[in-house]
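Report on the structure given below.
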Amino acid sequence: MAKNLLIVESPAKAKTIEGYLGKDFLVKSSYGHIRDLVKTDDAIDIENNFEQKYEVPSDKKAVVSELKKLAKNAETVWLASDEDREGEAISWHLFETLSLKDDKTKRIVFHEITKPAIMRAIEEPRKIDYNLVNAQQARRVLDRLVGFELSPVLWKKVKPSLSAGRVQSVAVRLIVEREREINKFTAEASFKIVAQFTPGNGREQFKAELPQRFEQKSDAETFLRDSIQASFAVSSLEKRPGKRSPAAPFTTSTLQQEASRKLSFSVARTMQVAQRLYEAGHITYMRTDSVNLSDTAIQAAQQEIVNAYGENYYKQRRYKTKSAGAQEAHEAIRPTYFSHHTVEGDPAERRLYELIWKRAIASQMSEAEFEKTTAKISVSTRREELVATGEVMRFDGFLKVYMESTDEESDNTNEQNGDNTLLPPLNKDQSLTLKAMNATERFSRPPARYTEASLVKKLEELGIGRPSTYAPTISTIQNRGYVVKEDRDGRERQFVVLQIVDNKVVEETKTETTGAERAKMFPTDIGVLVNDFLVEHFHDIIDYNFTAKVEKEFDEIAQGGKEWTMMLKDFYEPFHQGIQDTLEHADRASHERQLGTDPATGKPVSVRVGRFGPLVQIGSADDEEKPRFASLRKGQMIETITFDEAMDLFKLPKKVGLFEDKEMTVAIGRFGPYIRHASAFYSLPKGMDPMDVTEQDAIQIIQEKRQKDREKVIRVFEENPDAQIENGRWGPFIRFGKQNVKIPKGTDINKITYEDVLKWAEADPKGKAKAAAKAATAKKATKKTTSTKSKK
DNA sequence: CAGTGAGCGAGCTTCCGCTTGACTT
């Protein structure tokens, strides 16, 4: 039995450290927190100084009992959880739960997993810092009180099973308010002048722009007309050096942003892939808010840069964190070995690793140097001057390996005043020949919708949430139905282009698509409804500064300057009063809105949130005739739907004809427009308007789909036509009635017997359960029973 | 992947932050 038991939070970390410490140390992991508040309402005794009731959750029982046994036999137990509020609390929970003895327990901390750092930590043990533990308790209790008192108010006043919390409710609020800004926004048009010049003698052309824009078309037209007769000359020429510096190495949040922009990963995907890289020992810990690199890492990076690119590409840099509330228990995210430019693994792992490698290496490289040339061009008939710029890279520096992208870059801008544009050699007062000039109508743009990653960025700026919770928070607000991440089509917009052709100004109207979105966060009606309710009744809690305010108080507790139960008391009393007042006085929220009167029947038309989501209703409940209902579609919201759009919803489903003696119906479902025929569904091809589908179209779509399905089938079993081998998205699998059966690796498809199918289907209890659930929901749907159980 | 949308009411839901598996048509 080892003399020393050292406990860290992560098993991968434990493995590394064990290698550094040798035989006298057994290094184990707690797998994060080992205790949590009980799930019931009596977890916190408010009357009794917020005393907490903790339990070891079932999935942690095994870990705890093992640690307990090992701790009993160890001479000394070293608590080496992270050096932050949560880490200190983990040590305390371990101390309590494992019944450790004060004189046999030592608390140590380190910020980097290197041998010297750990040896140094062991030389400097300390005691558990109870101020820090109290700060964590205050945080934990406050979050529980907020979440478990606010959520039930929503169940009562809005809809069951909803949730609210210090973090998620602010995340939803950001998205709701951004959507409103976009709705409110009106685009303003202006005309931008762009010209092409040549210095003459067939030398190359270059582009120049007018810095100011014209709001009126007539003014732009006048400028073009004036330019026809004008002479042009270089009025000034300026050369200026410029520099660009590399970005800091990745934190969780910046990694999520870059992986989103450059690799199109969701934040959850980024974290999954990073976790695999971490477990394989390729990168340092991926949940961090620190931009700091260890001294050993800086040296390793130096060596790699000097070897690969030369001395002049190296520049040592130390970065400071900008984000509020950073706790910096770890290093920045970096490769463990800078000499590994890539790693083995699936394509996602390789791409993410290379991104991390480049960013970390670049962070220790020298600036890129540019020379920027600006030429002003006079127009003899006007006071304004055109401007041409060119940029030449003199030294690439860190750009040799890494270029950070920006959010704007992914927008569909058709203006390309890019960086590495060259100007031909020019002299002051040189006259220029105009080759072309146009004025293009451009529109101002509304604020950008959030992506998952830009929402994380915003939350981090506000100090809300932690690296370990960004991805789960983004998932929660989607799972609750408050927001959706989706693509939406843009709409067509016309714009005017004026051009000089044969010494005349010619006008042309063009069309472009605007407002198309890919994988952006949109609020749902229920999200808007809940947000407005919370803003009205609990303004303080979902204020953007609430977290910052309480964090300041947690810090004071951690410093020993404030008593944690006093802080909670000051918060809880008014908060709880607000809960009671709201329960008693607030109206039920439904967001009902009157749209007008149906011209055909004279009945009122309204929209509201119903039991199954947002709906339009014609007629009222207390009318003799039953009201008619229709669900809103993707992209439509109670707040913004117009009367005409609402009435259009009643035009579908629509019968379009007969095929094989059965009716074909066109409707719009959750996944877009489809044709229903017999009991099967057929999606409409993208871009086809469901209102325009003819009988012929529908028959063709059905036949094409059937043909495609036939092509997917590789083999059918004679014994049972419900069993067949199909080509799926990830290779062949067996469709066995309602159950999908996996084919074991290395199996020859042609040699599978029906007995194999039965055997494999039987051996997969989860697949069977799923199939049963599928069958049950299908039956329920046909029986028209209504269950309040949510799907999944 | 439709349509559905009352009212009654038992018993349920819910927070944030620290971890990793098990999961994947």
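Lettering and numbering for the structure tokens are positional, with chains as A, B, ... in the shown order, residues counted from 1 in each chain, and ligands counted from 1 in the shown order.
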Write down as an NGL selection string the residues of stretch 348-477 of chain A whose backbone DSSP state falls under strand (DSSP E).
:A and (368-379 or 385-395 or 431-443)
Shell around stretch 601-610 of chain A at 8 Å using only C-alpha atoms (C1' of nucleotides), local window under 2 positions removed, as a list in words
Asp525, Ile526, Ser590, His591, Glu592, Arg593, Gln594, Leu595, Gly596, Thr597, Asp598, Pro599, Phe612, Gly613, Pro614, Leu615, Val616, Gln617, Ile618, Gly619, Ser620 and Ile638 of chain A; DG5 of chain B
For stretch 8-20 of chain B, please output as a ChimeraX atom specification all residues within 6 Å (counting only C-alpha atoms (C1' of nucleotides); exclusion window: fewer than 2 positions along the same chain).
/A:31-33,143-144,147-148,151,161,163,165
Restrict the calculation to only C-alpha atoms (C1' of nucleotides), then for each residue of chain A with any atom at most 8 Å from an atom of chain B give the closest atom pair and their distance in Å to one decimal, rows by chain and rising residue number, as JSON lines.
```
{"residue": "A:Glu9", "atom": "CA", "partner": "B:DT19", "partner_atom": "C1'", "distance": 6.8}
{"residue": "A:Ser10", "atom": "CA", "partner": "B:DT19", "partner_atom": "C1'", "distance": 6.5}
{"residue": "A:Ser30", "atom": "CA", "partner": "B:DT19", "partner_atom": "C1'", "distance": 7.7}
{"residue": "A:Tyr31", "atom": "CA", "partner": "B:DT19", "partner_atom": "C1'", "distance": 4.2}
{"residue": "A:Gly32", "atom": "CA", "partner": "B:DT19", "partner_atom": "C1'", "distance": 3.8}
{"residue": "A:His33", "atom": "CA", "partner": "B:DC18", "partner_atom": "C1'", "distance": 5.0}
{"residue": "A:Glu86", "atom": "CA", "partner": "B:DC18", "partner_atom": "C1'", "distance": 7.0}
{"residue": "A:Gly87", "atom": "CA", "partner": "B:DC18", "partner_atom": "C1'", "distance": 7.8}
{"residue": "A:Arg140", "atom": "CA", "partner": "B:DC16", "partner_atom": "C1'", "distance": 6.9}
{"residue": "A:Asp143", "atom": "CA", "partner": "B:DC15", "partner_atom": "C1'", "distance": 5.4}
{"residue": "A:Arg144", "atom": "CA", "partner": "B:DC15", "partner_atom": "C1'", "distance": 4.7}
{"residue": "A:Leu145", "atom": "CA", "partner": "B:DC15", "partner_atom": "C1'", "distance": 7.4}
{"residue": "A:Val146", "atom": "CA", "partner": "B:DC15", "partner_atom": "C1'", "distance": 6.8}
{"residue": "A:Gly147", "atom": "CA", "partner": "B:DC15", "partner_atom": "C1'", "distance": 3.9}
{"residue": "A:Phe148", "atom": "CA", "partner": "B:DT14", "partner_atom": "C1'", "distance": 5.5}
{"residue": "A:Ser151", "atom": "CA", "partner": "B:DT14", "partner_atom": "C1'", "distance": 5.4}
{"residue": "A:Pro152", "atom": "CA", "partner": "B:DT14", "partner_atom": "C1'", "distance": 7.1}
{"residue": "A:Pro160", "atom": "CA", "partner": "B:DT13", "partner_atom": "C1'", "distance": 6.6}
{"residue": "A:Ser161", "atom": "CA", "partner": "B:DT13", "partner_atom": "C1'", "distance": 4.3}
{"residue": "A:Leu162", "atom": "CA", "partner": "B:DT14", "partner_atom": "C1'", "distance": 7.2}
{"residue": "A:Ser163", "atom": "CA", "partner": "B:DT14", "partner_atom": "C1'", "distance": 5.4}
{"residue": "A:Ala164", "atom": "CA", "partner": "B:DT14", "partner_atom": "C1'", "distance": 7.5}
{"residue": "A:Gly165", "atom": "CA", "partner": "B:DC15", "partner_atom": "C1'", "distance": 5.8}
{"residue": "A:Arg166", "atom": "CA", "partner": "B:DC15", "partner_atom": "C1'", "distance": 8.0}
{"residue": "A:Val167", "atom": "CA", "partner": "B:DC16", "partner_atom": "C1'", "distance": 7.9}
{"residue": "A:Arg466", "atom": "CA", "partner": "B:DG17", "partner_atom": "C1'", "distance": 7.6}
{"residue": "A:Ser468", "atom": "CA", "partner": "B:DG17", "partner_atom": "C1'", "distance": 7.0}
{"residue": "A:Thr469", "atom": "CA", "partner": "B:DG17", "partner_atom": "C1'", "distance": 6.9}
{"residue": "A:Gly610", "atom": "CA", "partner": "B:DG5", "partner_atom": "C1'", "distance": 6.2}
{"residue": "A:Arg611", "atom": "CA", "partner": "B:DG5", "partner_atom": "C1'", "distance": 6.3}
{"residue": "A:Phe612", "atom": "CA", "partner": "B:DG5", "partner_atom": "C1'", "distance": 7.3}
{"residue": "A:Phe629", "atom": "CA", "partner": "B:DG5", "partner_atom": "C1'", "distance": 7.5}
{"residue": "A:Ile668", "atom": "CA", "partner": "B:DC1", "partner_atom": "C1'", "distance": 7.8}
{"residue": "A:Gly669", "atom": "CA", "partner": "B:DC1", "partner_atom": "C1'", "distance": 4.7}
{"residue": "A:Arg670", "atom": "CA", "partner": "B:DC1", "partner_atom": "C1'", "distance": 5.4}
{"residue": "A:Phe671", "atom": "CA", "partner": "B:DC1", "partner_atom": "C1'", "distance": 5.9}
{"residue": "A:Gly672", "atom": "CA", "partner": "B:DC1", "partner_atom": "C1'", "distance": 7.6}
{"residue": "A:Tyr674", "atom": "CA", "partner": "B:DC1", "partner_atom": "C1'", "distance": 7.6}
{"residue": "A:Phe681", "atom": "CA", "partner": "B:DC1", "partner_atom": "C1'", "distance": 7.2}
{"residue": "A:Gly728", "atom": "CA", "partner": "B:DT25", "partner_atom": "C1'", "distance": 6.2}
{"residue": "A:Arg729", "atom": "CA", "partner": "B:DT25", "partner_atom": "C1'", "distance": 6.6}
{"residue": "A:Trp730", "atom": "CA", "partner": "B:DT25", "partner_atom": "C1'", "distance": 7.4}
{"residue": "A:Phe733", "atom": "CA", "partner": "B:DT25", "partner_atom": "C1'", "distance": 7.9}
{"residue": "A:Asn740", "atom": "CA", "partner": "B:DT25", "partner_atom": "C1'", "distance": 7.3}
```
Which residues, written as a VMD selection string, have at least one atom at most 12 Å from A:Ala375, with only C-alpha atoms (C1' of nucleotides) counted and residues fewer than 4 positions away on the same chain left out?
chain A and resid 197 206 to 210 233 to 240 385 to 391 422 to 430 432
For A:Leu21, which residue among A:Ile118, A:Val194, A:Lys243, A:Gly481 is the nearest when counting only C-alpha atoms?
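The answer is A:Ile118, which sits nearest to A:Leu21.
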Any idea what's packed within 9 Å of A:Met637, counting only C-alpha atoms (C1' of nucleotides), ignoring anything in its chain fewer than 3 positions away? Could you give it as a ChimeraX atom specification?
/A:524-525,614,632-634,640-641
From the options A:His111, A:Arg35, A:Glu663, A:Ile749, which residue's atoms come nearest to A:Gln52, counting only C-alpha atoms?
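Closest to A:Gln52 of all the choices is A:Arg35.
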Stretch 65-82 of chain A surroundings by only C-alpha atoms (C1' of nucleotides), 7 Å radius, close-in-sequence under 5 positions cut, as a ChimeraX atom specification:
/A:2-9,87-88,90-91,98,104-109,329
Considering only C-alpha atoms (C1' of nucleotides), return as an MDAnalysis selection string whatever protein or nucleic-acid residues lie within 9 Å of A:Ala548, sequence-local ones (same chain, fewer than 6 positions apart) excluded.
chainID A and resid 324:325 462:464
List every residue of stretch 109-256 of chain A that DSSP, applied to the backbone, labels as helix (DSSP H, G or I), and write the result as a count of residues only.
72
